[in-house]
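S.K.: Just so it is clear, I am handing over run-v3.cif, which has mmCIF, C-alpha atoms.
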data_input
loop_
_atom_site.label_atom_id
_atom_site.label_comp_id
_atom_site.auth_asym_id
_atom_site.auth_seq_id
_atom_site.Cartn_x
_atom_site.Cartn_y
_atom_site.Cartn_z
CA MET R 178 -45.42 70.87 211.49
CA PRO R 179 -46.19 68.70 214.57
CA GLU R 180 -44.43 65.38 214.91
CA GLY R 181 -46.36 62.27 213.92
CA VAL R 182 -45.65 58.63 214.63
CA ARG R 183 -42.09 58.07 213.49
CA ILE R 184 -41.52 54.43 212.64
CA ARG R 185 -39.65 54.26 209.34
CA TYR R 186 -36.16 55.07 210.58
CA LYS R 187 -36.61 52.75 213.53
CA ARG R 188 -37.73 49.95 211.25
CA LEU R 189 -34.82 50.53 208.88
CA ASN R 190 -32.41 50.17 211.81
CA GLN R 191 -34.18 46.99 212.90
CA VAL R 192 -33.83 45.55 209.41
CA CYS R 193 -30.12 46.39 209.33
CA ARG R 194 -29.48 44.91 212.78
CA LYS R 195 -31.34 41.73 211.89
CA ALA R 196 -29.41 41.37 208.65
CA LEU R 197 -26.12 41.94 210.46
CA GLN R 198 -26.98 39.34 213.07
CA GLN R 199 -27.85 36.83 210.35
CA SER R 200 -24.42 37.38 208.81
CA VAL R 201 -22.63 37.12 212.14
CA ASN R 202 -24.42 33.86 212.97
CA LYS R 203 -22.43 32.21 210.19
CA ILE R 204 -19.19 32.49 212.14
CA GLN R 205 -20.72 31.86 215.57
CA ASN R 206 -21.00 28.13 214.86
CA TRP R 207 -18.11 26.67 216.81
CA GLU R 208 -18.32 23.25 215.18
CA LYS R 209 -17.91 24.68 211.70
CA LEU R 210 -15.12 26.98 212.79
CA SER R 211 -13.17 24.35 214.70
CA SER R 212 -13.54 21.86 211.85
CA CYS R 213 -11.43 24.21 209.73
CA PHE R 214 -8.57 23.91 212.24
CA PRO R 215 -8.87 20.35 213.60
CA GLN R 216 -5.24 19.98 214.65
CA TYR R 217 -5.05 23.42 216.23
CA THR R 218 -8.25 22.96 218.24
CA ALA R 219 -7.23 19.47 219.33
CA THR R 220 -5.37 21.08 222.22
CA ASP R 221 -6.99 23.08 224.99
CA ALA R 222 -4.73 26.05 224.35
CA GLY R 223 -5.49 26.05 220.64
CA ALA R 224 -9.23 25.77 221.19
CA LYS R 225 -9.11 28.59 223.73
CA ASN R 226 -7.11 30.83 221.41
CA LEU R 227 -9.43 30.17 218.48
CA SER R 228 -12.48 30.83 220.65
CA THR R 229 -11.00 34.14 221.76
CA CYS R 230 -10.21 35.04 218.17
CA GLN R 231 -13.75 34.14 217.13
CA ARG R 232 -15.24 36.39 219.81
CA GLN R 233 -12.97 39.29 218.90
CA VAL R 234 -13.74 38.96 215.19
CA ILE R 235 -17.48 38.95 215.89
CA GLU R 236 -17.23 42.02 218.13
CA PHE R 237 -15.08 43.84 215.59
CA TRP R 238 -17.39 42.91 212.71
CA MET R 239 -20.51 44.01 214.61
CA GLU R 240 -19.00 47.33 215.67
CA LEU R 241 -17.55 48.07 212.23
CA SER R 242 -20.81 47.25 210.45
CA LYS R 243 -22.89 49.36 212.84
CA ARG R 244 -20.51 52.27 212.36
CA GLU R 245 -20.73 51.94 208.58
CA PHE R 246 -24.53 51.86 208.70
CA GLU R 247 -24.56 54.99 210.86
CA GLU R 248 -22.18 56.79 208.51
CA ILE R 249 -24.30 55.89 205.48
CA PHE R 250 -27.47 57.09 207.20
CA LYS R 251 -25.79 60.30 208.36
CA GLU R 252 -24.23 61.02 204.97
CA ARG R 253 -27.58 60.69 203.21
CA ASP R 254 -29.58 62.30 206.05
CA ILE R 255 -31.82 59.23 206.08
CA GLU R 256 -33.16 59.77 209.61
CA ASN R 257 -34.40 63.33 208.98
CA LYS R 258 -35.87 62.39 205.61
CA LEU R 259 -37.77 59.42 207.00
CA ASN R 260 -38.94 61.44 210.02
CA ASP R 261 -40.14 64.27 207.76
CA LEU R 262 -42.01 61.75 205.65
CA ASP R 263 -43.64 60.23 208.75
CA ASP R 264 -44.69 63.70 209.98
CA LEU R 265 -46.05 64.75 206.61
CA ILE R 266 -48.05 61.57 206.13
CA SER R 267 -49.42 61.78 209.67
CA HIS R 268 -50.43 65.43 209.18
CA SER R 269 -52.07 64.68 205.84
CA LYS R 270 -54.08 61.87 207.41
CA ASP R 271 -55.21 64.18 210.23
CA VAL R 272 -56.31 66.84 207.73
CA GLN R 273 -58.15 64.26 205.65
CA LYS R 274 -59.86 62.87 208.75
CA THR R 275 -60.96 66.35 209.85
CA LEU R 276 -62.24 67.10 206.36
CA ASN R 277 -64.28 63.91 206.30
CA GLN R 278 -65.76 64.67 209.73
CA ASP R 279 -66.69 68.25 208.85
CA HIS R 280 -68.04 67.38 205.40
CA PRO R 281 -69.20 63.73 205.49
CA ALA R 282 -71.29 64.11 202.33
CA MET R 283 -68.56 65.79 200.32
CA ALA R 284 -67.42 63.67 197.40
CA CYS R 285 -63.77 62.96 196.90
CA ILE R 286 -62.24 65.11 194.22
CA ASP R 287 -61.17 62.07 192.20
CA GLU R 288 -64.82 60.92 192.06
CA LEU R 289 -66.04 64.11 190.38
CA SER R 290 -66.49 64.33 186.63
CA PRO R 291 -64.72 67.06 184.63
CA GLU R 292 -68.07 68.85 184.26
CA GLN R 293 -68.70 68.77 188.00
CA LEU R 294 -65.24 70.10 188.67
CA ILE R 295 -65.80 72.97 186.25
CA ASN R 296 -69.40 73.82 187.16
CA GLY R 297 -69.48 72.72 190.78
CA ASN R 298 -70.55 75.23 193.38
CA MET R 299 -67.59 74.98 195.75
CA HIS R 300 -66.96 77.39 198.55
CA ASP R 301 -63.66 79.21 198.57
CA SER R 302 -62.60 77.54 201.79
CA ARG R 303 -63.28 74.12 200.39
CA VAL R 304 -61.33 74.86 197.23
CA SER R 305 -58.45 76.21 199.28
CA LEU R 306 -58.42 73.19 201.56
CA LEU R 307 -58.50 70.75 198.66
CA GLY R 308 -55.69 72.68 197.02
CA GLN R 309 -53.62 72.42 200.19
CA LEU R 310 -54.28 68.69 200.34
CA ASP R 311 -53.24 68.29 196.72
CA ASP R 312 -50.04 70.20 197.43
CA ARG R 313 -49.28 68.05 200.44
CA LEU R 314 -50.03 64.85 198.58
CA GLY R 315 -47.75 66.03 195.79
CA THR R 316 -45.04 66.68 198.33
CA VAL R 317 -45.54 63.22 199.82
CA ALA R 318 -45.28 61.70 196.34
CA ASP R 319 -42.06 63.60 195.65
CA MET R 320 -40.58 62.58 198.99
CA ASN R 321 -41.62 58.97 198.43
CA LYS R 322 -39.88 58.99 195.05
CA ALA R 323 -36.73 60.55 196.45
CA LEU R 324 -36.65 58.15 199.38
CA GLU R 325 -37.31 55.23 197.07
CA LEU R 326 -34.22 56.17 195.08
CA GLU R 327 -32.22 56.62 198.29
CA LEU R 328 -33.32 53.21 199.59
CA GLU R 329 -32.58 51.55 196.25
CA HIS R 330 -29.08 53.01 196.33
CA LEU R 331 -28.69 52.00 199.97
CA ARG R 332 -29.90 48.47 199.20
CA SER R 333 -27.40 48.19 196.37
CA GLN R 334 -24.57 49.48 198.55
CA ILE R 335 -25.43 47.16 201.44
CA SER R 336 -25.76 44.27 199.00
CA SER R 337 -22.28 44.96 197.69
CA GLU R 338 -20.82 45.16 201.20
CA THR R 339 -22.62 41.97 202.22
CA LYS R 340 -21.22 40.22 199.17
CA GLU R 341 -17.71 41.30 200.12
CA LEU R 342 -18.21 40.05 203.68
CA ASN R 343 -19.49 36.72 202.37
CA GLU R 344 -16.46 36.41 200.10
CA ILE R 345 -14.19 37.05 203.07
CA TYR R 346 -16.10 34.42 205.01
CA ASP R 347 -15.78 31.93 202.14
CA ARG R 348 -12.04 32.46 201.91
CA SER R 349 -11.56 32.19 205.67
CA MET R 350 -13.91 29.31 206.44
CA GLY R 351 -13.83 27.35 203.20
CA GLN R 352 -17.62 27.39 203.14
CA GLU R 353 -20.10 28.60 200.55
CA SER R 354 -22.34 31.46 201.67
CA ASP R 355 -25.18 33.29 200.08
CA SER R 356 -24.17 36.06 197.69
CA MET R 357 -26.64 38.45 199.27
CA ASP R 358 -28.24 38.74 202.69
CA GLU R 359 -31.90 38.00 201.86
CA VAL R 360 -33.17 39.34 205.20
CA LEU R 361 -31.85 42.83 204.54
CA GLN R 362 -32.87 42.77 200.89
CA GLN R 363 -36.43 41.71 201.75
CA GLY R 364 -36.68 44.33 204.48
CA LEU R 365 -35.64 47.12 202.12
CA ARG R 366 -37.96 45.83 199.41
CA ASP R 367 -40.85 45.89 201.92
CA MET R 368 -40.09 49.51 202.76
CA LEU R 369 -40.07 50.44 199.06
CA VAL R 370 -43.44 48.71 198.62
CA GLU R 371 -44.88 50.66 201.56
CA LEU R 372 -43.63 53.95 200.12
CA ARG R 373 -45.28 53.16 196.79
CA GLU R 374 -48.57 52.15 198.48
CA GLU R 375 -48.69 55.36 200.53
CA GLU R 376 -47.97 57.40 197.42
CA ILE R 377 -50.96 55.73 195.72
CA GLU R 378 -53.19 56.36 198.74
#
Translate this structure into structure tokens?
M.R.:
Amino acid sequence: MPEGVRIRYKRLNQVCRKALQQSVNKIQNWEKLSSCFPQYTATDAGAKNLSTCQRQVIEFWMELSKREFEEIFKERDIENKLNDLDDLISHSKDVQKTLNQDHPAMACIDELSPEQLINGNMHDSRVSLLGQLDDRLGTVADMNKALELELEHLRSQISSETKELNEIYDRSMGQESDSMDEVLQQGLRDMLVELREEEIE
């Protein structure tokens, strides 16, 4: 099957990167960080050491989180599944477009009554093509459902990891943080909504 426009895996990575950056921003605020160690940062050496520690923690956190995202995606074969879904949807749209161009007056199968479906004078090629479309749409629906479950599981796992990171941040900084990164959660919810909408289409 030819490749279509592949956007879902790219968008998932963008959502994850944005969510990670939002989390990292919490410890990039020097004023909040230094206020936790006022005596230590009162000296130039202390402030310099804490700044170096802050930078190293951020770099380590970013690298570790990116690696964990990649491992999750690889373990669940998310990239190939999302790419296959993109290709299948793109191909189905092309077939539907060609069908509409070749047979502009042909009614959609879901607009026909049971009697018309039974007694209709359909050509073999048309029946075969509609059957192929039904099969492909069924496959898209199955893939959407499977990916929806995968994304739900992924959202839950990322939510749990984000909660753990926030708890670490709370203990280290003495600050209250959100129990869940809303940016990532909203991004994943949007993807689930899109999958459901395309299944309906």
S.K.: Which one of R:Ser211, R:Asn226, R:Asn260, R:Gln191 sits closest to Gly364 in chain R if you count all atoms listed in the file?
M.R.: R:Gln191
S.K.: Find the distance between CA of Ser228 in chain R and CA of Leu210 in chain R and write it in Å to one decimal.
M.R.: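 Calculated distance between CA of Ser228 in chain R and CA of Leu210 in chain R is 9.1 Å.
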S.K.: Determine the residue membership of the PyMOL selection byres ((chain R and resi 249) around 12) for the file above and supply it as a ChimeraX atom specification.
M.R.: /R:190,193,242-248,250-256,327-328,330-332,334-335
S.K.: Name the residues that the PyMOL selection byres ((chain R and resi 316-320) around 8) picks from the file above, as a PyMOL selection string, using the file's chain letters and numbers.
M.R.: chain R and resi 262+265-266+312-315+321-324+376
S.K.: Using only C-alpha atoms, determine which residues lie at most 12 Å from Trp238 in chain R, disregarding the query and same-chain residues fewer than 6 positions distant; provide the list as a list in words.
M.R.: Leu197, Gln198, Ser200, Val201, Asn202, Ile204, Gln205, Cys230, Gln231, Arg232, Arg244, Glu245, Thr339, Leu342, Ile345 and Tyr346 of chain R
S.K.: Provide the CA of Leu307 in chain R to CA of Leu259 in chain R distance in Å, to one decimal place.
M.R.: 25.1 Å
S.K.: Report the distance between CA of Arg188 in chain R and CA of Glu329 in chain R in Å, rounded to one decimal place.
M.R.: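 One can read the CA of Arg188 in chain R to CA of Glu329 in chain R distance as 15.9 Å.
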S.K.: Step by step, gather every atom of range 254-269 of chain R that the file lists, find the box along x, y and z that holds them, add 3 Å on each side, and finally give centre and edge lengths in Å to one decimal, as AutoDock Vina command-line options.
M.R.:
--center_x -40.8 --center_y 62.3 --center_z 207.8 --size_x 28.5 --size_y 12.2 --size_z 10.4
